[in-house]
$ cat target.pdb   # PDB, C-alpha atoms
ATOM      1  CA  MET N 197      92.055 227.154 175.346  1.00  0.00           C
ATOM      2  CA  HIS N 198      95.842 226.961 175.656  1.00  0.00           C
ATOM      3  CA  LYS N 199      98.307 227.051 172.749  1.00  0.00           C
ATOM      4  CA  ARG N 200     101.766 226.808 174.243  1.00  0.00           C
ATOM      5  CA  ALA N 201     104.461 227.985 171.854  1.00  0.00           C
ATOM      6  CA  PRO N 202     106.625 225.190 170.387  1.00  0.00           C
ATOM      7  CA  THR N 203     109.868 226.988 171.295  1.00  0.00           C
ATOM      8  CA  ASP N 204     113.279 225.886 170.037  1.00  0.00           C
ATOM      9  CA  PHE N 205     114.943 227.006 173.282  1.00  0.00           C
ATOM     10  CA  PRO N 206     113.622 227.180 176.862  1.00  0.00           C
ATOM     11  CA  VAL N 207     111.723 230.332 177.853  1.00  0.00           C
ATOM     12  CA  HIS N 208     109.589 231.343 180.826  1.00  0.00           C
ATOM     13  CA  ASP N 209     106.061 229.943 180.893  1.00  0.00           C
ATOM     14  CA  PHE N 210     104.671 233.487 180.705  1.00  0.00           C
ATOM     15  CA  VAL N 211     106.340 233.802 177.295  1.00  0.00           C
ATOM     16  CA  SER N 212     105.407 230.403 175.883  1.00  0.00           C
ATOM     17  CA  GLU N 213     101.808 230.635 177.126  1.00  0.00           C
ATOM     18  CA  ARG N 214     101.202 234.118 175.719  1.00  0.00           C
ATOM     19  CA  TRP N 215      99.265 234.317 172.474  1.00  0.00           C
ATOM     20  CA  SER N 216      96.539 236.466 170.925  1.00  0.00           C
ATOM     21  CA  PRO N 217      93.181 234.663 171.034  1.00  0.00           C
ATOM     22  CA  ARG N 218      89.918 236.112 169.755  1.00  0.00           C
ATOM     23  CA  ALA N 219      87.599 234.004 171.933  1.00  0.00           C
ATOM     24  CA  PHE N 220      86.854 235.719 175.242  1.00  0.00           C
ATOM     25  CA  SER N 221      84.844 234.578 178.228  1.00  0.00           C
ATOM     26  CA  ASP N 222      82.196 236.951 179.592  1.00  0.00           C
ATOM     27  CA  LYS N 223      83.916 236.780 182.993  1.00  0.00           C
ATOM     28  CA  THR N 224      84.585 240.246 184.423  1.00  0.00           C
ATOM     29  CA  VAL N 225      88.159 241.319 185.146  1.00  0.00           C
ATOM     30  CA  PRO N 226      88.232 242.535 188.780  1.00  0.00           C
ATOM     31  CA  PRO N 227      89.192 246.220 189.103  1.00  0.00           C
ATOM     32  CA  GLU N 228      92.223 245.438 191.265  1.00  0.00           C
ATOM     33  CA  VAL N 229      93.504 242.941 188.669  1.00  0.00           C
ATOM     34  CA  LEU N 230      92.985 245.435 185.864  1.00  0.00           C
ATOM     35  CA  ALA N 231      94.864 248.053 187.881  1.00  0.00           C
ATOM     36  CA  SER N 232      97.784 245.634 188.294  1.00  0.00           C
ATOM     37  CA  LEU N 233      98.036 245.187 184.517  1.00  0.00           C
ATOM     38  CA  PHE N 234      98.484 248.922 184.030  1.00  0.00           C
ATOM     39  CA  GLU N 235     100.831 249.045 187.015  1.00  0.00           C
ATOM     40  CA  ALA N 236     103.027 246.606 185.081  1.00  0.00           C
ATOM     41  CA  ALA N 237     102.844 248.888 182.033  1.00  0.00           C
ATOM     42  CA  ARG N 238     103.794 251.814 184.259  1.00  0.00           C
ATOM     43  CA  TRP N 239     107.127 250.180 185.128  1.00  0.00           C
ATOM     44  CA  ALA N 240     108.206 249.420 181.568  1.00  0.00           C
ATOM     45  CA  PRO N 241     111.511 250.895 180.372  1.00  0.00           C
ATOM     46  CA  SER N 242     111.464 254.015 178.192  1.00  0.00           C
ATOM     47  CA  SER N 243     113.920 256.397 176.580  1.00  0.00           C
ATOM     48  CA  SER N 244     115.075 259.000 179.157  1.00  0.00           C
ATOM     49  CA  ASN N 245     112.361 257.593 181.449  1.00  0.00           C
ATOM     50  CA  GLU N 246     109.894 259.656 179.407  1.00  0.00           C
ATOM     51  CA  GLN N 247     107.032 257.138 179.818  1.00  0.00           C
ATOM     52  CA  PRO N 248     105.279 258.387 176.659  1.00  0.00           C
ATOM     53  CA  TRP N 249     102.221 256.148 177.052  1.00  0.00           C
ATOM     54  CA  THR N 250      98.587 256.792 177.781  1.00  0.00           C
ATOM     55  CA  TYR N 251      95.809 254.183 177.776  1.00  0.00           C
ATOM     56  CA  ILE N 252      92.151 254.937 177.162  1.00  0.00           C
ATOM     57  CA  VAL N 253      90.303 252.044 178.836  1.00  0.00           C
ATOM     58  CA  ALA N 254      86.677 250.910 179.112  1.00  0.00           C
ATOM     59  CA  THR N 255      85.108 247.864 180.702  1.00  0.00           C
ATOM     60  CA  ARG N 256      81.973 246.323 179.240  1.00  0.00           C
ATOM     61  CA  ASP N 257      79.822 247.635 182.092  1.00  0.00           C
ATOM     62  CA  ASP N 258      80.803 251.176 181.047  1.00  0.00           C
ATOM     63  CA  THR N 259      78.522 250.802 178.046  1.00  0.00           C
ATOM     64  CA  GLU N 260      78.994 254.269 176.544  1.00  0.00           C
ATOM     65  CA  ASN N 261      82.788 254.287 176.483  1.00  0.00           C
ATOM     66  CA  PHE N 262      83.033 250.591 175.623  1.00  0.00           C
ATOM     67  CA  ALA N 263      80.811 251.188 172.580  1.00  0.00           C
ATOM     68  CA  LYS N 264      83.072 254.068 171.534  1.00  0.00           C
ATOM     69  CA  LEU N 265      86.099 251.767 171.601  1.00  0.00           C
ATOM     70  CA  VAL N 266      84.287 249.043 169.657  1.00  0.00           C
ATOM     71  CA  ASP N 267      83.219 251.664 167.119  1.00  0.00           C
ATOM     72  CA  VAL N 268      86.781 252.668 166.197  1.00  0.00           C
ATOM     73  CA  LEU N 269      87.781 249.068 165.408  1.00  0.00           C
ATOM     74  CA  VAL N 270      87.702 247.724 161.869  1.00  0.00           C
ATOM     75  CA  PRO N 271      84.793 245.282 161.311  1.00  0.00           C
ATOM     76  CA  GLY N 272      87.093 242.257 161.234  1.00  0.00           C
ATOM     77  CA  ASN N 273      88.161 243.053 164.803  1.00  0.00           C
ATOM     78  CA  SER N 274      84.956 244.471 166.262  1.00  0.00           C
ATOM     79  CA  ILE N 275      83.082 241.235 165.494  1.00  0.00           C
ATOM     80  CA  TRP N 276      85.039 239.394 168.189  1.00  0.00           C
ATOM     81  CA  ALA N 277      86.578 242.150 170.327  1.00  0.00           C
ATOM     82  CA  LYS N 278      83.130 243.363 171.409  1.00  0.00           C
ATOM     83  CA  ASN N 279      82.949 240.169 173.518  1.00  0.00           C
ATOM     84  CA  ALA N 280      86.044 241.026 175.581  1.00  0.00           C
ATOM     85  CA  PRO N 281      85.311 242.440 179.034  1.00  0.00           C
ATOM     86  CA  VAL N 282      87.928 245.190 178.621  1.00  0.00           C
ATOM     87  CA  LEU N 283      89.034 247.267 175.636  1.00  0.00           C
ATOM     88  CA  ALA N 284      91.822 249.827 175.566  1.00  0.00           C
ATOM     89  CA  LEU N 285      93.611 252.153 173.190  1.00  0.00           C
ATOM     90  CA  ALA N 286      97.368 252.706 173.549  1.00  0.00           C
ATOM     91  CA  VAL N 287      98.445 256.247 172.673  1.00  0.00           C
ATOM     92  CA  ALA N 288     101.987 257.611 172.304  1.00  0.00           C
ATOM     93  CA  GLU N 289     103.250 261.122 173.016  1.00  0.00           C
ATOM     94  CA  LEU N 290     105.462 261.826 170.001  1.00  0.00           C
ATOM     95  CA  ALA N 291     107.710 264.517 171.490  1.00  0.00           C
ATOM     96  CA  PHE N 292     109.711 264.646 174.705  1.00  0.00           C
ATOM     97  CA  ALA N 293     107.648 266.458 177.346  1.00  0.00           C
ATOM     98  CA  LYS N 294     110.834 267.956 178.786  1.00  0.00           C
ATOM     99  CA  HIS N 295     112.029 269.852 175.694  1.00  0.00           C
ATOM    100  CA  GLY N 296     109.541 269.271 172.867  1.00  0.00           C
ATOM    101  CA  THR N 297     111.909 267.541 170.449  1.00  0.00           C
ATOM    102  CA  LEU N 298     110.838 264.438 168.543  1.00  0.00           C
ATOM    103  CA  ASN N 299     111.024 261.225 170.565  1.00  0.00           C
ATOM    104  CA  ARG N 300     111.851 258.672 167.886  1.00  0.00           C
ATOM    105  CA  ASN N 301     111.466 255.877 170.438  1.00  0.00           C
ATOM    106  CA  ALA N 302     107.962 256.831 171.602  1.00  0.00           C
ATOM    107  CA  GLN N 303     106.114 254.096 169.742  1.00  0.00           C
ATOM    108  CA  TYR N 304     108.763 251.553 170.701  1.00  0.00           C
ATOM    109  CA  ASP N 305     108.335 252.506 174.355  1.00  0.00           C
ATOM    110  CA  VAL N 306     104.535 252.278 174.219  1.00  0.00           C
ATOM    111  CA  GLY N 307     104.968 248.812 172.710  1.00  0.00           C
ATOM    112  CA  ALA N 308     107.242 247.882 175.609  1.00  0.00           C
ATOM    113  CA  ALA N 309     104.661 249.075 178.131  1.00  0.00           C
ATOM    114  CA  SER N 310     101.954 247.053 176.395  1.00  0.00           C
ATOM    115  CA  ALA N 311     104.243 244.017 176.360  1.00  0.00           C
ATOM    116  CA  TRP N 312     104.753 244.292 180.116  1.00  0.00           C
ATOM    117  CA  LEU N 313     100.996 244.617 180.552  1.00  0.00           C
ATOM    118  CA  THR N 314     100.606 241.456 178.484  1.00  0.00           C
ATOM    119  CA  VAL N 315     103.129 239.471 180.529  1.00  0.00           C
ATOM    120  CA  GLU N 316     101.400 240.512 183.752  1.00  0.00           C
ATOM    121  CA  ALA N 317      98.058 239.509 182.245  1.00  0.00           C
ATOM    122  CA  THR N 318      99.424 236.106 181.213  1.00  0.00           C
ATOM    123  CA  SER N 319     100.740 235.532 184.731  1.00  0.00           C
ATOM    124  CA  ARG N 320      97.181 236.020 186.000  1.00  0.00           C
ATOM    125  CA  GLY N 321      95.464 233.701 183.523  1.00  0.00           C
ATOM    126  CA  LEU N 322      94.227 236.547 181.323  1.00  0.00           C
ATOM    127  CA  ILE N 323      94.571 236.923 177.576  1.00  0.00           C
ATOM    128  CA  VAL N 324      95.466 240.046 175.610  1.00  0.00           C
ATOM    129  CA  HIS N 325      94.989 240.660 171.901  1.00  0.00           C
ATOM    130  CA  GLN N 326      96.621 243.779 170.481  1.00  0.00           C
ATOM    131  CA  MET N 327      95.248 245.183 167.228  1.00  0.00           C
ATOM    132  CA  ALA N 328      96.539 247.474 164.504  1.00  0.00           C
ATOM    133  CA  GLY N 329      93.102 247.230 162.850  1.00  0.00           C
ATOM    134  CA  PHE N 330      91.381 250.398 164.005  1.00  0.00           C
ATOM    135  CA  ASP N 331      90.662 253.867 162.620  1.00  0.00           C
ATOM    136  CA  ALA N 332      93.280 256.119 164.220  1.00  0.00           C
ATOM    137  CA  GLU N 333      91.736 259.346 162.950  1.00  0.00           C
ATOM    138  CA  LYS N 334      88.288 258.366 164.186  1.00  0.00           C
ATOM    139  CA  ALA N 335      89.807 257.443 167.557  1.00  0.00           C
ATOM    140  CA  ARG N 336      91.489 260.841 167.701  1.00  0.00           C
ATOM    141  CA  GLN N 337      88.128 262.562 167.206  1.00  0.00           C
ATOM    142  CA  VAL N 338      86.014 260.284 169.408  1.00  0.00           C
ATOM    143  CA  PHE N 339      88.368 260.500 172.387  1.00  0.00           C
ATOM    144  CA  ALA N 340      89.568 264.084 171.832  1.00  0.00           C
ATOM    145  CA  ILE N 341      93.195 262.947 171.618  1.00  0.00           C
ATOM    146  CA  PRO N 342      95.317 266.112 171.471  1.00  0.00           C
ATOM    147  CA  ALA N 343      97.842 267.074 168.823  1.00  0.00           C
ATOM    148  CA  GLY N 344     101.235 265.508 169.410  1.00  0.00           C
ATOM    149  CA  TRP N 345      99.745 262.197 170.528  1.00  0.00           C
ATOM    150  CA  GLU N 346      99.296 259.191 168.230  1.00  0.00           C
ATOM    151  CA  PRO N 347      96.915 256.242 168.715  1.00  0.00           C
ATOM    152  CA  ILE N 348      99.147 253.169 168.328  1.00  0.00           C
ATOM    153  CA  ALA N 349      97.102 250.025 169.021  1.00  0.00           C
ATOM    154  CA  ALA N 350      93.759 248.803 170.290  1.00  0.00           C
ATOM    155  CA  ILE N 351      93.863 246.122 172.986  1.00  0.00           C
ATOM    156  CA  ALA N 352      91.320 243.515 174.094  1.00  0.00           C
ATOM    157  CA  ILE N 353      91.774 242.048 177.583  1.00  0.00           C
ATOM    158  CA  GLY N 354      89.926 239.258 179.361  1.00  0.00           C
ATOM    159  CA  TYR N 355      89.747 235.575 180.187  1.00  0.00           C
ATOM    160  CA  PRO N 356      89.909 232.749 177.615  1.00  0.00           C
ATOM    161  CA  GLY N 357      86.632 231.793 175.978  1.00  0.00           C
ATOM    162  CA  ASP N 358      85.309 229.054 173.701  1.00  0.00           C
ATOM    163  CA  ALA N 359      86.763 229.054 170.182  1.00  0.00           C
ATOM    164  CA  ASN N 360      83.604 227.324 168.951  1.00  0.00           C
ATOM    165  CA  ALA N 361      81.676 230.532 169.629  1.00  0.00           C
ATOM    166  CA  LEU N 362      83.653 232.342 166.916  1.00  0.00           C
ATOM    167  CA  PRO N 363      82.619 232.592 163.259  1.00  0.00           C
ATOM    168  CA  GLU N 364      84.061 229.684 161.268  1.00  0.00           C
ATOM    169  CA  ASN N 365      86.849 231.656 159.571  1.00  0.00           C
ATOM    170  CA  LEU N 366      88.057 232.997 162.918  1.00  0.00           C
ATOM    171  CA  ARG N 367      87.665 229.646 164.648  1.00  0.00           C
ATOM    172  CA  GLU N 368      90.033 228.095 162.102  1.00  0.00           C
ATOM    173  CA  ARG N 369      92.626 230.781 162.831  1.00  0.00           C
ATOM    174  CA  GLU N 370      92.102 230.312 166.560  1.00  0.00           C
ATOM    175  CA  ILE N 371      92.938 226.606 166.510  1.00  0.00           C
ATOM    176  CA  ALA N 372      95.691 226.765 163.868  1.00  0.00           C
ATOM    177  CA  PRO N 373      99.217 225.842 165.040  1.00  0.00           C
ATOM    178  CA  ARG N 374     101.423 228.683 166.226  1.00  0.00           C
ATOM    179  CA  THR N 375     104.460 229.451 164.055  1.00  0.00           C
ATOM    180  CA  ARG N 376     107.434 231.826 164.138  1.00  0.00           C
ATOM    181  CA  LYS N 377     110.479 232.534 162.000  1.00  0.00           C
ATOM    182  CA  PRO N 378     113.607 230.694 163.186  1.00  0.00           C
ATOM    183  CA  LEU N 379     116.140 232.724 165.201  1.00  0.00           C
ATOM    184  CA  ALA N 380     118.698 232.393 162.405  1.00  0.00           C
ATOM    185  CA  ASN N 381     116.462 234.582 160.227  1.00  0.00           C
ATOM    186  CA  PHE N 382     116.646 237.639 162.474  1.00  0.00           C
ATOM    187  CA  VAL N 383     119.452 237.326 165.064  1.00  0.00           C
ATOM    188  CA  MET N 384     122.706 238.422 163.440  1.00  0.00           C
ATOM    189  CA  THR N 385     126.353 239.125 164.242  1.00  0.00           C
ATOM    190  CA  GLY N 386     128.904 241.303 162.435  1.00  0.00           C
ATOM    191  CA  THR N 387     127.086 242.096 159.188  1.00  0.00           C
ATOM    192  CA  TRP N 388     123.541 241.977 157.962  1.00  0.00           C
ATOM    193  CA  GLY N 389     122.469 238.458 157.113  1.00  0.00           C
ATOM    194  CA  GLN N 390     125.214 236.732 159.105  1.00  0.00           C
ATOM    195  CA  LYS N 391     123.677 234.388 161.652  1.00  0.00           C
ATOM    196  CA  ALA N 392     124.623 235.076 165.278  1.00  0.00           C
ATOM    197  CA  THR N 393     127.525 232.897 166.355  1.00  0.00           C
ATOM    198  CA  PHE N 394     125.770 231.572 169.478  1.00  0.00           C
ATOM    199  CA  LEU N 395     123.054 229.922 167.397  1.00  0.00           C
ATOM    200  CA  PRO N 396     123.473 226.280 166.344  1.00  0.00           C
TER
END

$ encode --input "target.pdb" --output "structure tokens"
Amino acid sequence: MHKRAPTDFPVHDFVSERWSPRAFSDKTVPPEVLASLFEAARWAPSSSNEQPWTYIVATRDDTENFAKLVDVLVPGNSIWAKNAPVLALAVAELAFAKHGTLNRNAQYDVGAASAWLTVEATSRGLIVHQMAGFDAEKARQVFAIPAGWEPIAAIAIGYPGDANALPENLREREIAPRTRKPLANFVMTGTWGQKATFLP
């Protein structure tokens, strides 16, 4: 299922084609393809080149670790995410490794790495759905995440599936039109609330 974004201005196909479906095919993601997704994340920009990201990843054939990732999701996400062939947890190191001071950009940088992963996935016909709906404290315990690291997001990765296989309430959300705020609402110049001058 494709839901190309109805953009107001031209963007790359990898941007307009990217969205967050819940319907996944049972098709396996080849190991070399999965490695390329995290290679893309590896080359994301970060403050002082700190690269404060770690990903805990399990494929569905790794039943023990996959079940652990499903188990930390909230029920509203686990009901569909358990069908993805790959699940991951993005974790941020909160302090600079070099000198131990707070890295206020750590979560931002992990988000950037996950965005690059998502673009690479889109370029390969894969879908990615990032989730805030998980139990961070449970994840910390289950995966022995050390102090100073924060679980940021759960991620489902795979190939598009059939929306009709979803429960009715999720199917309706899956097929609903895509919407976004207009640029004039959040791109500003000079002072807060003043629309950027390059916008029509």

$ closest_residue --input "target.pdb" --among "N:Lys294, N:Leu379, N:Ala286, N:Asn273" --to "Ala237 (chain N)" --atoms "all atoms listed in the file"
N:Ala286

$ atom_distance --input "target.pdb" --atom1 "CA of Pro396 (chain N)" --atom2 "CA of Pro202 (chain N)"
17.4 Å

$ resolve_selection --input "target.pdb" --expression "the PyMOL selection byres ((chain N and resi 328) around 10)" --output "JSON, numbers by chain"
{"N": [269, 270, 273, 326, 327, 329, 330, 331, 332, 347, 348, 349, 350, 351]}

$ residues_around --input "target.pdb" --residues "region 338-340 of chain N" --least-positions-apart "2" --cutoff "10 Å" --atoms "all atoms listed in the file" --output "number ranges by chain"
N: 252, 261, 264-265, 267-268, 285, 332-336, 342-343

$ closest_residue --input "target.pdb" --among "N:Tyr355, N:Trp276, N:Phe262, N:Phe234" --to "Glu316 (chain N)" --atoms "all atoms listed in the file"
N:Phe234

$ resolve_selection --input "target.pdb" --expression "the PyMOL selection byres ((chain N and resi 322-324) around 9)" --output "number ranges by chain"
N: 214-218, 220, 225, 313-314, 316-321, 325-326, 351-356

$ resolve_selection --input "target.pdb" --expression "the PyMOL selection byres ((chain N and resi 197) around 8)" --output "JSON, numbers by chain"
{"N": [198, 199, 356, 357, 358, 359]}

$ atom_distance --input "target.pdb" --atom1 "CA of Lys377 (chain N)" --atom2 "CA of Trp312 (chain N)"
22.3 Å

$ closest_residue --input "target.pdb" --among "N:Val211, N:Leu366, N:Val315, N:Leu230" --to "Ala277 (chain N)" --atoms "only C-alpha atoms"
N:Leu366

$ residues_around --input "target.pdb" --residues "Gly389 (chain N)" --least-positions-apart "6" --cutoff "12 Å" --atoms "only C-alpha atoms" --output "PyMOL selection string"
chain N and resi 379-383

$ closest_residue --input "target.pdb" --among "N:Pro373, N:Ser243, N:Arg238, N:Gly386" --to "Leu298 (chain N)" --atoms "all atoms listed in the file"
N:Ser243

$ closest_residue --input "target.pdb" --among "N:Thr387, N:Ser274, N:Gln303, N:Asn360" --to "Glu346 (chain N)" --atoms "all atoms listed in the file"
N:Gln303

$ atom_distance --input "target.pdb" --atom1 "CA of Val282 (chain N)" --atom2 "CA of Val253 (chain N)"
7.3 Å
